Amino acid sequence: MKACRILFLLTVISLVACGPKDALVEENVENAKVQLASLLEVSEAGDTLRIPSTFKDGEVKFVPIDDWVSGFFAGNLWYMYELTGEPFWAEHAACHTEKLDSIQYLTWHHDVGFMVYDSYGNGLRLTGKEAYKDVIVQTAKSLSTRFRPAAGVLQSWSVDRDWQALRGWKCPVIIDNMMNLELLFNATRISGDSTYFHIAVSHADKTLQNHFRPDYSCYHVVDYDPETGAVRGRCTAQGYADESAWARGQAWALYGYTSAYAYTGYERYLDQARKVADYIFSRLPEDLVPYWDYDCPDIPNTWRDASSAAIMASALYQLYSLTGEAMYREKADGMVQSLSSPSYRATPGSNGGFILMHSVGSVPHGSNIDVPLNYTDYYFLEALIRRKNLQ
Ligand code: GLY
């Protein structure tokens, strides 16, 4: 009798102290442990650390450190540390983060926000390591060289190289660029230099003004005249058509404005995030995992994009935390539920060690179609953390 009472009391105390366990999160963490441990082994098998990006034709593919997805693997390891508390993940995360050291000086594209915030940013948040602050501030300095004052935006792609040189653009800005602002907001917090904050706000304001259609779907690319600031054109690079709604672009917009509101408290960003969410909700299929473009005429006989669902789930948990509106949490829960089902989540030991299947890189470029992607896993793990933190 006495033993029963003690057991009951211990259970109550542990529920009060830790909150009830979330079975969906717990089983996803167990699954992710198996997957990421095997991917880690492959990435550390050679003489140097390699950065896994996807799994195709039976092989894990790797990217060089200047690729836009180079920070996500380190980010995944940090998130595993956050989810499990196991030092093993932090040790490997630090090695994979510090391999990216030279990115802080990279100025030829805008994606350094993704690359350095997902790796060093999470590392700083979880360990407080002072040296990581310098990397974040130097990266913000490098990113700021792409600010075009007359247009008030950060130029996304350079127009003197690769396929971007063939489109006749002068200062292309892609909606994805909203994701680089988090690094700038944090650089101001760390350094006290408000320049980065002002650049981020200017970019978010101009994007709000020029990237969206009346129904709050967004264009992928807006090209500016860097001398006058005039909009030269609006089009797509990775979507089905210039006037279509590329699924990941809408997800970046939702995440970008939710995050911009979290950093600034500016109501106009919250309002935009809500409107983008409404647009997305009106177009999602039943399982809440979108096709790669909401306007692809081949739907339902075309590819799903799990990356978009993972990004949106994470953003919606944050939007729920900021507003308390149940609808956002319900949709996020639905997305996580779908992504955790056998339709999207790989069985342990398969999929090259990546967690989720069925993402799309770029259909028009014929690149990474219907494959796992390291950034899908990143936002999925982030969504799990945000869900867990709601408990
Ligand atoms: N930022 C590139 C992409 O979303 O594919």
# chains A, B, ... in the order shown; residues from 1 in each chain; ligands from 1
$ residues_near_ligand --ligand "ligand 1" --cutoff "7 Å" --atoms "only C-alpha atoms and all ligand atoms" --output "PDB file with C-alpha atoms, in the first residue's frame"
ATOM      1  CA  ASP A 176      13.694  32.226 -49.723  1.00  0.00           C
ATOM      2  CA  ARG A 248       8.335  25.773 -50.835  1.00  0.00           C
ATOM      3  CA  GLY A 249       8.233  29.476 -51.670  1.00  0.00           C
ATOM      4  CA  GLY A 361      14.609  20.281 -54.875  1.00  0.00           C
ATOM      5  CA  SER A 362      13.857  21.903 -58.217  1.00  0.00           C
TER       6      SER A 362
END
$ residues_around --residues "Ser38 in chain A" --least-positions-apart "6" --cutoff "10 Å" --atoms "only C-alpha atoms" --output "PDB file with all heavy atoms, in the first residue's frame"
ATOM      1  N   ALA A  32      14.775   8.870 -35.375  1.00  0.00           N
ATOM      2  CA  ALA A  32      15.817   9.782 -35.869  1.00  0.00           C
ATOM      3  C   ALA A  32      17.205   9.386 -35.364  1.00  0.00           C
ATOM      4  O   ALA A  32      18.201   9.539 -36.066  1.00  0.00           O
ATOM      5  CB  ALA A  32      15.485  11.216 -35.458  1.00  0.00           C
ATOM      6  N   PRO A 348      13.412   2.603 -40.319  1.00  0.00           N
ATOM      7  CA  PRO A 348      14.795   2.677 -39.847  1.00  0.00           C
ATOM      8  C   PRO A 348      15.710   1.756 -40.657  1.00  0.00           C
ATOM      9  O   PRO A 348      15.342   0.628 -40.984  1.00  0.00           O
ATOM     10  CB  PRO A 348      14.701   2.218 -38.386  1.00  0.00           C
ATOM     11  CG  PRO A 348      13.279   2.445 -38.006  1.00  0.00           C
ATOM     12  CD  PRO A 348      12.466   2.293 -39.250  1.00  0.00           C
ATOM     13  N   GLY A 349      16.869   2.284 -41.007  1.00  0.00           N
ATOM     14  CA  GLY A 349      17.836   1.490 -41.775  1.00  0.00           C
ATOM     15  C   GLY A 349      17.697   1.701 -43.279  1.00  0.00           C
ATOM     16  O   GLY A 349      18.496   1.181 -44.054  1.00  0.00           O
ATOM     17  N   SER A 350      16.672   2.451 -43.708  1.00  0.00           N
ATOM     18  CA  SER A 350      16.512   2.698 -45.150  1.00  0.00           C
ATOM     19  C   SER A 350      16.745   4.176 -45.447  1.00  0.00           C
ATOM     20  O   SER A 350      17.080   4.953 -44.550  1.00  0.00           O
ATOM     21  CB  SER A 350      15.108   2.278 -45.597  1.00  0.00           C
ATOM     22  OG  SER A 350      14.149   3.178 -45.067  1.00  0.00           O
ATOM     23  N   GLY A 352      19.006   5.845 -46.836  1.00  0.00           N
ATOM     24  CA  GLY A 352      20.362   6.371 -46.683  1.00  0.00           C
ATOM     25  C   GLY A 352      20.613   7.029 -45.331  1.00  0.00           C
ATOM     26  O   GLY A 352      21.619   7.720 -45.158  1.00  0.00           O
ATOM     27  N   GLY A 353      19.707   6.849 -44.388  1.00  0.00           N
ATOM     28  CA  GLY A 353      19.894   7.464 -43.071  1.00  0.00           C
ATOM     29  C   GLY A 353      19.129   8.779 -42.927  1.00  0.00           C
ATOM     30  O   GLY A 353      19.134   9.394 -41.861  1.00  0.00           O
ATOM     31  N   PHE A 354      18.485   9.239 -43.996  1.00  0.00           N
ATOM     32  CA  PHE A 354      17.645  10.443 -43.875  1.00  0.00           C
ATOM     33  C   PHE A 354      16.303  10.027 -43.248  1.00  0.00           C
ATOM     34  O   PHE A 354      15.873   8.871 -43.385  1.00  0.00           O
ATOM     35  CB  PHE A 354      17.420  11.086 -45.246  1.00  0.00           C
ATOM     36  CG  PHE A 354      18.691  11.698 -45.807  1.00  0.00           C
ATOM     37  CD1 PHE A 354      19.597  10.935 -46.526  1.00  0.00           C
ATOM     38  CD2 PHE A 354      18.973  13.034 -45.574  1.00  0.00           C
ATOM     39  CE1 PHE A 354      20.774  11.485 -47.013  1.00  0.00           C
ATOM     40  CE2 PHE A 354      20.140  13.600 -46.062  1.00  0.00           C
ATOM     41  CZ  PHE A 354      21.042  12.826 -46.790  1.00  0.00           C
TER      42      PHE A 354
END
$ closest_residue --among "A:Val289, A:Leu143, A:Ile199, A:Val371" --to "Gly334 in chain A" --atoms "only C-alpha atoms"
A:Val289
$ residues_around --residues "Thr228 in chain A" --least-positions-apart "2" --cutoff "8 Å" --atoms "only C-alpha atoms" --output "VMD selection string"
chain A and resid 150 to 151 225 to 226 230
$ residues_around --residues "Arg146 in chain A" --least-positions-apart "4" --cutoff "12 Å" --atoms "only C-alpha atoms" --output "list in words"
Leu106, Thr107, Trp108, His109, His110, Asp111, Val112, Thr139, Ala140, Lys141, Ser142, Ala151, Gly152, Val153, Leu154, Gln155, Ser156, Trp157, Ser158, Cys171, Pro172, Val173, Asn177, Asn180, Tyr196, Ile199, Ala200, His203 and Pro226 of chain A
$ residues_around --residues "Asp295 in chain A" --least-positions-apart "5" --cutoff "12 Å" --atoms "only C-alpha atoms" --output "PyMOL selection string"
chain A and resi 217+239-247+283-284+290+300+302
$ write_last_selection --atoms "N, CA and C atoms" --output "PDB file, in the first residue's frame"
ATOM      1  N   SER A 217      -0.555  34.754 -52.128  1.00  0.00           N
ATOM      2  CA  SER A 217       0.471  33.820 -52.606  1.00  0.00           C
ATOM      3  C   SER A 217       1.639  34.695 -53.036  1.00  0.00           C
ATOM      4  N   GLY A 239       9.474  27.132 -59.546  1.00  0.00           N
ATOM      5  CA  GLY A 239       8.062  26.770 -59.570  1.00  0.00           C
ATOM      6  C   GLY A 239       7.634  26.285 -60.941  1.00  0.00           C
ATOM      7  N   TYR A 240       6.335  25.993 -61.048  1.00  0.00           N
ATOM      8  CA  TYR A 240       5.791  25.500 -62.313  1.00  0.00           C
ATOM      9  C   TYR A 240       5.731  26.611 -63.368  1.00  0.00           C
ATOM     10  N   ALA A 241       5.320  27.809 -62.962  1.00  0.00           N
ATOM     11  CA  ALA A 241       5.173  28.923 -63.908  1.00  0.00           C
ATOM     12  C   ALA A 241       5.345  30.234 -63.156  1.00  0.00           C
ATOM     13  N   ASP A 242       5.555  31.313 -63.902  1.00  0.00           N
ATOM     14  CA  ASP A 242       5.760  32.617 -63.256  1.00  0.00           C
ATOM     15  C   ASP A 242       4.597  32.976 -62.335  1.00  0.00           C
ATOM     16  N   GLU A 243       3.382  32.647 -62.760  1.00  0.00           N
ATOM     17  CA  GLU A 243       2.196  33.035 -61.972  1.00  0.00           C
ATOM     18  C   GLU A 243       1.711  31.926 -61.041  1.00  0.00           C
ATOM     19  N   SER A 244       2.472  30.852 -60.916  1.00  0.00           N
ATOM     20  CA  SER A 244       2.017  29.765 -60.034  1.00  0.00           C
ATOM     21  C   SER A 244       2.537  29.972 -58.615  1.00  0.00           C
ATOM     22  N   ALA A 245       2.048  29.137 -57.707  1.00  0.00           N
ATOM     23  CA  ALA A 245       2.477  29.214 -56.309  1.00  0.00           C
ATOM     24  C   ALA A 245       3.361  28.004 -56.002  1.00  0.00           C
ATOM     25  N   TRP A 246       4.659  28.235 -56.086  1.00  0.00           N
ATOM     26  CA  TRP A 246       5.653  27.192 -55.778  1.00  0.00           C
ATOM     27  C   TRP A 246       5.533  26.863 -54.285  1.00  0.00           C
ATOM     28  N   ALA A 247       5.364  25.594 -53.976  1.00  0.00           N
ATOM     29  CA  ALA A 247       5.014  25.229 -52.586  1.00  0.00           C
ATOM     30  C   ALA A 247       6.070  25.664 -51.571  1.00  0.00           C
ATOM     31  N   ARG A 283      -5.338  25.825 -49.857  1.00  0.00           N
ATOM     32  CA  ARG A 283      -4.847  25.069 -51.007  1.00  0.00           C
ATOM     33  C   ARG A 283      -4.261  23.694 -50.675  1.00  0.00           C
ATOM     34  N   LEU A 284      -4.180  23.384 -49.394  1.00  0.00           N
ATOM     35  CA  LEU A 284      -3.518  22.125 -49.022  1.00  0.00           C
ATOM     36  C   LEU A 284      -4.359  20.898 -49.368  1.00  0.00           C
ATOM     37  N   PRO A 290       1.878  19.330 -49.293  1.00  0.00           N
ATOM     38  CA  PRO A 290       1.533  19.853 -50.618  1.00  0.00           C
ATOM     39  C   PRO A 290       2.256  19.151 -51.755  1.00  0.00           C
ATOM     40  N   PRO A 300      -3.404  15.227 -59.340  1.00  0.00           N
ATOM     41  CA  PRO A 300      -2.638  14.581 -58.280  1.00  0.00           C
ATOM     42  C   PRO A 300      -1.517  13.661 -58.783  1.00  0.00           C
ATOM     43  N   THR A 302       1.553  14.079 -59.628  1.00  0.00           N
ATOM     44  CA  THR A 302       2.877  14.697 -59.599  1.00  0.00           C
ATOM     45  C   THR A 302       3.438  14.560 -58.194  1.00  0.00           C
TER      46      THR A 302
END
$ residues_around --residues "range 57-73 of chain A" --least-positions-apart "5" --cutoff "8 Å" --atoms "only C-alpha atoms" --output "VMD selection string"
chain A and resid 50 to 52 96 to 97 100 103 106 111 to 112 114 to 119 352 374 to 375 378
$ write_last_selection --atoms "N, CA, C and O atoms" --output "PDB file, in the first residue's frame"
ATOM      1  N   ARG A  50      32.325  14.887 -44.371  1.00  0.00           N
ATOM      2  CA  ARG A  50      31.573  15.263 -45.564  1.00  0.00           C
ATOM      3  C   ARG A  50      30.159  15.668 -45.156  1.00  0.00           C
ATOM      4  O   ARG A  50      29.673  15.279 -44.094  1.00  0.00           O
ATOM      5  N   ILE A  51      29.520  16.452 -46.042  1.00  0.00           N
ATOM      6  CA  ILE A  51      28.198  16.998 -45.698  1.00  0.00           C
ATOM      7  C   ILE A  51      27.126  16.295 -46.528  1.00  0.00           C
ATOM      8  O   ILE A  51      26.984  16.555 -47.729  1.00  0.00           O
ATOM      9  N   PRO A  52      26.360  15.390 -45.907  1.00  0.00           N
ATOM     10  CA  PRO A  52      25.322  14.678 -46.658  1.00  0.00           C
ATOM     11  C   PRO A  52      24.147  15.593 -46.982  1.00  0.00           C
ATOM     12  O   PRO A  52      23.694  16.355 -46.124  1.00  0.00           O
ATOM     13  N   HIS A  96      31.023  19.254 -37.081  1.00  0.00           N
ATOM     14  CA  HIS A  96      30.410  19.558 -38.383  1.00  0.00           C
ATOM     15  C   HIS A  96      30.133  21.049 -38.534  1.00  0.00           C
ATOM     16  O   HIS A  96      30.132  21.570 -39.640  1.00  0.00           O
ATOM     17  N   THR A  97      29.908  21.719 -37.433  1.00  0.00           N
ATOM     18  CA  THR A  97      29.706  23.175 -37.476  1.00  0.00           C
ATOM     19  C   THR A  97      31.030  23.865 -37.814  1.00  0.00           C
ATOM     20  O   THR A  97      31.101  24.700 -38.728  1.00  0.00           O
ATOM     21  N   LEU A 100      32.576  24.503 -41.170  1.00  0.00           N
ATOM     22  CA  LEU A 100      31.986  25.532 -42.039  1.00  0.00           C
ATOM     23  C   LEU A 100      32.579  26.922 -41.798  1.00  0.00           C
ATOM     24  O   LEU A 100      32.065  27.922 -42.322  1.00  0.00           O
ATOM     25  N   ILE A 103      32.753  29.966 -44.273  1.00  0.00           N
ATOM     26  CA  ILE A 103      31.530  30.551 -44.849  1.00  0.00           C
ATOM     27  C   ILE A 103      31.313  31.982 -44.367  1.00  0.00           C
ATOM     28  O   ILE A 103      30.703  32.798 -45.061  1.00  0.00           O
ATOM     29  N   LEU A 106      31.974  34.349 -47.030  1.00  0.00           N
ATOM     30  CA  LEU A 106      31.383  34.114 -48.358  1.00  0.00           C
ATOM     31  C   LEU A 106      30.433  35.276 -48.719  1.00  0.00           C
ATOM     32  O   LEU A 106      29.521  35.597 -47.954  1.00  0.00           O
ATOM     33  N   ASP A 111      22.781  32.855 -49.249  1.00  0.00           N
ATOM     34  CA  ASP A 111      22.304  31.770 -48.391  1.00  0.00           C
ATOM     35  C   ASP A 111      23.104  31.566 -47.104  1.00  0.00           C
ATOM     36  O   ASP A 111      22.824  30.624 -46.358  1.00  0.00           O
ATOM     37  N   VAL A 112      24.059  32.457 -46.862  1.00  0.00           N
ATOM     38  CA  VAL A 112      24.885  32.291 -45.661  1.00  0.00           C
ATOM     39  C   VAL A 112      24.054  32.346 -44.376  1.00  0.00           C
ATOM     40  O   VAL A 112      24.464  31.830 -43.343  1.00  0.00           O
ATOM     41  N   PHE A 114      21.079  30.872 -43.907  1.00  0.00           N
ATOM     42  CA  PHE A 114      20.717  29.470 -43.682  1.00  0.00           C
ATOM     43  C   PHE A 114      21.931  28.696 -43.136  1.00  0.00           C
ATOM     44  O   PHE A 114      21.838  27.961 -42.170  1.00  0.00           O
ATOM     45  N   MET A 115      23.039  28.848 -43.852  1.00  0.00           N
ATOM     46  CA  MET A 115      24.195  27.989 -43.604  1.00  0.00           C
ATOM     47  C   MET A 115      24.780  28.192 -42.201  1.00  0.00           C
ATOM     48  O   MET A 115      25.091  27.230 -41.495  1.00  0.00           O
ATOM     49  N   VAL A 116      24.900  29.449 -41.820  1.00  0.00           N
ATOM     50  CA  VAL A 116      25.562  29.733 -40.544  1.00  0.00           C
ATOM     51  C   VAL A 116      24.576  29.751 -39.382  1.00  0.00           C
ATOM     52  O   VAL A 116      24.920  29.351 -38.278  1.00  0.00           O
ATOM     53  N   TYR A 117      23.335  30.163 -39.636  1.00  0.00           N
ATOM     54  CA  TYR A 117      22.419  30.183 -38.495  1.00  0.00           C
ATOM     55  C   TYR A 117      22.048  28.761 -38.051  1.00  0.00           C
ATOM     56  O   TYR A 117      22.003  28.463 -36.848  1.00  0.00           O
ATOM     57  N   ASP A 118      21.838  27.868 -39.012  1.00  0.00           N
ATOM     58  CA  ASP A 118      21.434  26.505 -38.648  1.00  0.00           C
ATOM     59  C   ASP A 118      22.552  25.752 -37.916  1.00  0.00           C
ATOM     60  O   ASP A 118      22.286  24.877 -37.094  1.00  0.00           O
ATOM     61  N   SER A 119      23.764  26.099 -38.232  1.00  0.00           N
ATOM     62  CA  SER A 119      24.906  25.422 -37.610  1.00  0.00           C
ATOM     63  C   SER A 119      25.396  26.222 -36.396  1.00  0.00           C
ATOM     64  O   SER A 119      25.117  25.860 -35.250  1.00  0.00           O
ATOM     65  N   GLY A 352      19.006   5.845 -46.836  1.00  0.00           N
ATOM     66  CA  GLY A 352      20.362   6.371 -46.683  1.00  0.00           C
ATOM     67  C   GLY A 352      20.613   7.029 -45.331  1.00  0.00           C
ATOM     68  O   GLY A 352      21.619   7.720 -45.158  1.00  0.00           O
ATOM     69  N   ASN A 374      18.381  17.014 -46.715  1.00  0.00           N
ATOM     70  CA  ASN A 374      18.787  17.294 -45.327  1.00  0.00           C
ATOM     71  C   ASN A 374      17.984  18.427 -44.705  1.00  0.00           C
ATOM     72  O   ASN A 374      17.762  18.467 -43.501  1.00  0.00           O
ATOM     73  N   TYR A 375      17.485  19.358 -45.523  1.00  0.00           N
ATOM     74  CA  TYR A 375      16.726  20.463 -44.916  1.00  0.00           C
ATOM     75  C   TYR A 375      15.307  20.048 -44.556  1.00  0.00           C
ATOM     76  O   TYR A 375      14.697  20.625 -43.642  1.00  0.00           O
ATOM     77  N   TYR A 378      15.799  18.747 -41.216  1.00  0.00           N
ATOM     78  CA  TYR A 378      16.087  19.849 -40.289  1.00  0.00           C
ATOM     79  C   TYR A 378      14.791  20.483 -39.771  1.00  0.00           C
ATOM     80  O   TYR A 378      14.585  20.626 -38.564  1.00  0.00           O
TER      81      TYR A 378
END
$ select_by_dssp --residues "range 153-385 of chain A" --states "strand (DSSP E)" --output "MDAnalysis selection string"
chainID A and resid 153:154 171:174 221:224 231:235 359:362 367:371
$ write_last_selection --atoms "N, CA and C atoms" --output "mmCIF file, in the first residue's frame"
data_model
loop_
_atom_site.group_PDB
_atom_site.id
_atom_site.type_symbol
_atom_site.label_atom_id
_atom_site.label_comp_id
_atom_site.auth_asym_id
_atom_site.auth_seq_id
_atom_site.Cartn_x
_atom_site.Cartn_y
_atom_site.Cartn_z
ATOM 1 N N VAL A 153 16.905 46.110 -50.571
ATOM 2 C CA VAL A 153 16.858 44.643 -50.429
ATOM 3 C C VAL A 153 18.265 44.041 -50.465
ATOM 4 N N LEU A 154 18.340 42.822 -49.971
ATOM 5 C CA LEU A 154 19.557 42.024 -50.117
ATOM 6 C C LEU A 154 19.449 41.272 -51.447
ATOM 7 N N CYS A 171 19.074 42.402 -60.271
ATOM 8 C CA CYS A 171 19.166 42.228 -58.805
ATOM 9 C C CYS A 171 18.022 41.300 -58.374
ATOM 10 N N PRO A 172 18.186 40.001 -58.633
ATOM 11 C CA PRO A 172 17.095 39.081 -58.278
ATOM 12 C C PRO A 172 17.014 38.832 -56.768
ATOM 13 N N VAL A 173 15.792 38.891 -56.284
ATOM 14 C CA VAL A 173 15.541 38.587 -54.866
ATOM 15 C C VAL A 173 14.521 37.460 -54.832
ATOM 16 N N ILE A 174 14.832 36.418 -54.099
ATOM 17 C CA ILE A 174 13.892 35.290 -54.021
ATOM 18 C C ILE A 174 13.247 35.266 -52.632
ATOM 19 N N VAL A 221 10.637 34.907 -57.659
ATOM 20 C CA VAL A 221 11.713 35.881 -57.907
ATOM 21 C C VAL A 221 11.120 37.252 -58.216
ATOM 22 N N VAL A 222 11.657 38.290 -57.573
ATOM 23 C CA VAL A 222 11.387 39.671 -58.003
ATOM 24 C C VAL A 222 12.732 40.270 -58.379
ATOM 25 N N ASP A 223 12.794 40.816 -59.579
ATOM 26 C CA ASP A 223 14.048 41.418 -60.038
ATOM 27 C C ASP A 223 13.956 42.940 -59.899
ATOM 28 N N TYR A 224 14.928 43.537 -59.211
ATOM 29 C CA TYR A 224 14.942 44.986 -58.976
ATOM 30 C C TYR A 224 16.003 45.647 -59.840
ATOM 31 N N VAL A 231 10.940 47.794 -59.637
ATOM 32 C CA VAL A 231 10.778 46.353 -59.909
ATOM 33 C C VAL A 231 10.845 46.149 -61.419
ATOM 34 N N ARG A 232 11.768 45.313 -61.877
ATOM 35 C CA ARG A 232 11.926 45.057 -63.321
ATOM 36 C C ARG A 232 11.049 43.893 -63.790
ATOM 37 N N GLY A 233 10.761 42.987 -62.894
ATOM 38 C CA GLY A 233 9.951 41.847 -63.311
ATOM 39 C C GLY A 233 9.721 40.890 -62.156
ATOM 40 N N ARG A 234 8.721 40.008 -62.353
ATOM 41 C CA ARG A 234 8.399 39.000 -61.339
ATOM 42 C C ARG A 234 8.253 37.666 -62.066
ATOM 43 N N CYS A 235 8.872 36.634 -61.538
ATOM 44 C CA CYS A 235 8.847 35.350 -62.253
ATOM 45 C C CYS A 235 9.180 34.194 -61.307
ATOM 46 N N SER A 359 10.778 14.546 -51.031
ATOM 47 C CA SER A 359 10.914 16.000 -51.177
ATOM 48 C C SER A 359 11.363 16.325 -52.596
ATOM 49 N N VAL A 360 11.224 17.607 -52.903
ATOM 50 C CA VAL A 360 11.575 18.064 -54.253
ATOM 51 C C VAL A 360 12.523 19.251 -54.145
ATOM 52 N N GLY A 361 13.674 19.148 -54.822
ATOM 53 C CA GLY A 361 14.609 20.281 -54.875
ATOM 54 C C GLY A 361 14.111 21.284 -55.893
ATOM 55 N N SER A 362 14.333 20.990 -57.181
ATOM 56 C CA SER A 362 13.857 21.903 -58.217
ATOM 57 C C SER A 362 13.432 21.113 -59.446
ATOM 58 N N SER A 367 16.451 18.700 -60.660
ATOM 59 C CA SER A 367 17.406 18.378 -59.594
ATOM 60 C C SER A 367 16.690 17.937 -58.309
ATOM 61 N N ASN A 368 17.148 16.808 -57.773
ATOM 62 C CA ASN A 368 16.642 16.294 -56.484
ATOM 63 C C ASN A 368 15.111 16.173 -56.442
ATOM 64 N N ILE A 369 14.582 15.385 -57.343
ATOM 65 C CA ILE A 369 13.127 15.226 -57.408
ATOM 66 C C ILE A 369 12.702 13.925 -56.715
ATOM 67 N N ASP A 370 11.809 14.052 -55.766
ATOM 68 C CA ASP A 370 11.273 12.923 -55.011
ATOM 69 C C ASP A 370 12.365 12.144 -54.266
ATOM 70 N N VAL A 371 13.115 12.882 -53.497
ATOM 71 C CA VAL A 371 14.232 12.295 -52.740
ATOM 72 C C VAL A 371 14.174 12.807 -51.295
#
$ closest_residue --among "A:Gly366, A:Leu126, A:Asp47, A:Ser308" --to "Pro87 in chain A" --atoms "only C-alpha atoms"
A:Leu126
$ select_by_dssp --residues "range 71-289 of chain A" --states "alpha helix (DSSP H)" --output "ChimeraX atom specification"
/A:72-84,87-98,112-116,122-127,130-144,181-191,195-210,247-264,267-281
$ residues_around --residues "Ala277 in chain A" --least-positions-apart "3" --cutoff "9 Å" --atoms "only C-alpha atoms" --output "number ranges by chain"
A: 216, 250-251, 254, 272-274, 280-282, 312, 316, 328
$ atom_distance --atom1 "CA of Asp205 in chain A" --atom2 "CA of Gly192 in chain A"
21.8 Å
$ atom_distance --atom1 "CA of Gly265 in chain A" --atom2 "CA of Tyr379 in chain A"
23.0 Å
$ closest_residue --among "A:Val336, A:Val137, A:Pro364, A:Ala165" --to "Thr236 in chain A" --atoms "only C-alpha atoms"
A:Pro364
